[in-house]
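Chemist: My structure is below; once you've seen it, I'll send some questions.
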Amino acid sequence: MSSDMSTSFNNAAVHITGKRWARILIPLLFLYMTNFIDRNNIGFAVIGGMNADLHIDNAEAGLAGGVFYLGYLILQIPGGILAERFDVKKLLVTLSISWGVLAAATGLAQNLPQLLALRFVLGLAEGAVWPAILVVLARWFTDRERATANSIWLVCLPLSFVIMGPVSGLILQATDWRWLFIIEGIPAVVFAFVVLAFSAAKPQSAPWLPEAERKHILSGQAGAAERVKVTGYRQVILHPQVLLLSAIYLFWLLGAVGFFTWVPAIMKQISSAGVTGTGFLSALPYVTALIGLVVIGKFADRTRRRKLFVGLDLAAFSLFLLISTVFSGNHTAALTFIVIAGFFLFAMHAPFWSIPMETLPPHLVGAAIGMISLIGNIGSFIGPYLMGYVQNATGSFTSGIYVLVGSLALAAVLTTFVRERHSTEKIVAGSSTLLA
């Protein structure tokens with residue numbers, strides 16, 4: 001690389017954060033923050049009287065929380081493929097408007113069948129959003145920036161809960177669970193138009209991006225020689241590395257979704273606080289989760305040890321969640337350890353998604369991400385229902401937490417078998433030899 005070209009790239013890097021923060025990361029952050037609130041606010045609807053109004057119990061409410069993911073699963077692989085083949089920005093806008101309308105319509109449910117149907121269709125509308133956004137991030141950031149970029153965007157996950165807790169508590173105090181769904185569904189439509197106005201599907205189609213910065217992005221992504229040698233969708237979704245990552249994601253989601261679906265009820269039981277107080281307490285684990293996400297993302301980028309940080313995070317989340325049950329008789333201690341466990345709740349995401357982004361051919365990343373999310377979200381369906389079932393059977397959330405702990409520990413063990421890419425080593429398609 002010439003001296004002039006190197007200087008040009010370095011100058012572009014100085015401005016890279018501002019442009020991609022404003023046009024890519026921030027719009028996507030707020031879009032998916034709304035997405036996450038709309039799928040998870042059912043936990044607040046439970047404590048806001050939904051069960052009594054619809055004549056359902058905790059297991060049925062957990063089923064409504066989990067059935068979302070049955071719809072969500074259907075468009076995982078197709079969504080990734082659509083994001084690669086068509087205009088991903090227009091796809092995101094269409095999906096966002098659709099889920100906002102459906103989320104608001106959930107407030108009109110009159111019985112369990114209607115609630116289940118609306119939750120299922122909501123999941124269907126949101127199913128392609130996750131792989132589509134990850135395709136956008138894979139295009140817009142270099143390999144050395146990717147875990148950091150992922151962690152910045154993924155701040156939307158803990159931030160959604162930090163906002164959802166207090167806001168949902170205030171909405172419930174002023175109105176009821178029906179208006180909770182309606183009010184929190186509207187922002188999805190608003191942020192859809194923000195993405196339409198400010199973002200771009202890829203660096204090549206962004207007229208506001210300087211040429212030097214565009215070259216900086218494209219030159220900083222792994223070349224074909226450093227990626228998995230697969231040529232088709234079937235080959236990539238059945239690759240051992242992809243299947244292993246899918247299993248890890250499944251067991252993480254079983255534990256994590258079971259945790260954050262029932263956090264409001266857990267906090268209410270621990271603290272005996274009112275609805276508003278429970279809302280603020282429920283936000284605490286997500287404040288620490290926000291910090292953990294950013295910190296671990298930066299260390300993962302700095303060391304390039306993606307799987308190490310994924311494994312450590314899963315193990316720590318499992319451990320502190322387990323410790324919180326030991327102090328179930330001491331409300332202050334139990335709350336403290338749940339908040340500490342929150343630090344590790346989402347932090348595995350940043351390094352985890354960097355692995356397929358860096359090891360697979362760019363045109364197949366969407367399909368692989370869809371496959372991982374498809375299998376993983378089976379755990380999203382199982383987690384809330386299993387937690388509700390165990391709570392009904394035992395009369396305590398502690399027993400349900402043991403199931404979540406075991407699932408997270410298994411995910412940590414599986415992480416040891418993941419192989420990361422190094423620039424001098426390759427994967428041979430169809431073989432059992434993964435990245436060293």
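Naming works like this for the structure tokens: A, B, ... for the chains as they're shown, residue 1 at the start of each chain, ligands 1 onward in shown order.
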Extract, using only C-alpha atoms, all DNA, RNA and protein residues at most 10 Å from segment 55-72 of chain A, discarding same-chain residues fewer than 4 positions from it, and format them as a ChimeraX atom specification.
Modeler: /A:39-43,45-46,49-51,76,110-113,115-130,257-258,261-262,373-374,377-393
Chemist: Which one of A:Lys268, A:Ile355, A:Thr336, A:Leu95 sits closest to Leu75 of chain A if you count only C-alpha atoms?
Modeler: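 Closest residue, counting only C-alpha atoms: A:Leu95.
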Chemist: Might you pull out every residue within 8 Å of Val93 of chain A, with only C-alpha atoms counted and same-chain residues fewer than 5 positions away left off, and present them as a VMD selection string?
Modeler: chain A and resid 192 to 193 195 to 196
Chemist: With C-alpha atoms retained, export the selected residues as an mmCIF file, in the first residue's frame.
Modeler:
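Generated file (selection00.cif):
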data_model
loop_
_atom_site.group_PDB
_atom_site.id
_atom_site.type_symbol
_atom_site.label_atom_id
_atom_site.label_comp_id
_atom_site.auth_asym_id
_atom_site.auth_seq_id
_atom_site.Cartn_x
_atom_site.Cartn_y
_atom_site.Cartn_z
ATOM 1 C CA ALA A 192 -38.567 2.892 10.500
ATOM 2 C CA PHE A 193 -38.708 6.268 8.768
ATOM 3 C CA VAL A 195 -33.670 4.411 9.022
ATOM 4 C CA LEU A 196 -35.224 5.134 5.620
#
Chemist: Record the distance separating atom CA of Ile296 of chain A and atom CA of Thr415 of chain A, expressed in Å with one decimal.
Modeler: 16.1 Å
Chemist: Could you name the residues that touch segment 174-187 of chain A at 9 Å or less, counting only C-alpha atoms, but leaving out those on the same chain fewer than 4 positions away, as a PyMOL selection string?
Modeler: chain A and resi 31+34-35+37-38+41-42+44-50+97+99-109+164+168-170+191-192
Chemist: Please report the interatomic distance between atom CA of Val236 of chain A and atom CA of Ile369 of chain A in Å with one decimal.
Modeler: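 Taking atom CA of Val236 of chain A and atom CA of Ile369 of chain A, their separation equals 10.0 Å.
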Chemist: Can you work out the spacing between atom CA of Leu364 of chain A and atom CA of Ser205 of chain A in Å, to one decimal?
Modeler: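 Result for atom CA of Leu364 of chain A versus atom CA of Ser205 of chain A: 19.7 Å, one decimal.
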Chemist: With only C-alpha atoms as the basis for distance, which of A:Leu414, A:Val295, A:Ile323, A:Ala368 is at the shortest distance from Ile152 of chain A?
Modeler: A:Val295
Chemist: Got a sec: who's within 6 Å of segment 314-321 of chain A, counting only C-alpha atoms, leaving out chain neighbours fewer than 2 positions off, as a list in words?
Modeler: Gly311, Leu312, Ile323, Ser324, Phe337, Ala341, Phe344, Val405, Leu408, Ala409 and Ala412 of chain A
Chemist: Kindly indicate which residue among A:Phe36, A:Tyr249, A:Phe260, A:Trp21 lies nearest to Ala149 of chain A, using only C-alpha atoms for the distances.
Modeler: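 Nearest candidate to Ala149 of chain A out of A:Phe36, A:Tyr249, A:Phe260, A:Trp21: A:Trp21.
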Chemist: Which residues of segment 345-397 of chain A come within 10 Å of segment 299-308 of chain A, and what is each one's closest atom pair and distance in Å (one decimal), counting only C-alpha atoms, sorted by chain and residue number, as CSV?
Modeler:
residue,atom,partner,partner_atom,distance
A:Met348,CA,A:Lys307,CA,9.0
A:Ala350,CA,A:Ala300,CA,8.0
A:Pro351,CA,A:Arg306,CA,4.8
A:Phe352,CA,A:Arg306,CA,6.6
A:Trp353,CA,A:Arg306,CA,9.1
A:Ser354,CA,A:Arg306,CA,7.4
A:Ile355,CA,A:Arg306,CA,7.0
Chemist: Enumerate, as number ranges by chain, the complete set of residues in segment 50-134 of chain A that a backbone-based DSSP assignment places in alpha helix (DSSP H).
Modeler: A: 50-54, 58-74, 76-85, 88-105, 112-126, 129-134
Chemist: Would you mind telling me which residue in A:Ile291, A:Ala347, A:Val136, A:Leu243 lies nearest to Arg23 of chain A when using only C-alpha atoms?
Modeler: A:Val136
Chemist: Let me make sure I understand: among A:Trp252, A:Phe346, A:Ala132, A:Val339, which one has the smallest atom-to-atom distance to Leu91 of chain A if we use only C-alpha atoms?
Modeler: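 Ranked by minimum distance to Leu91 of chain A, first place goes to A:Ala132.
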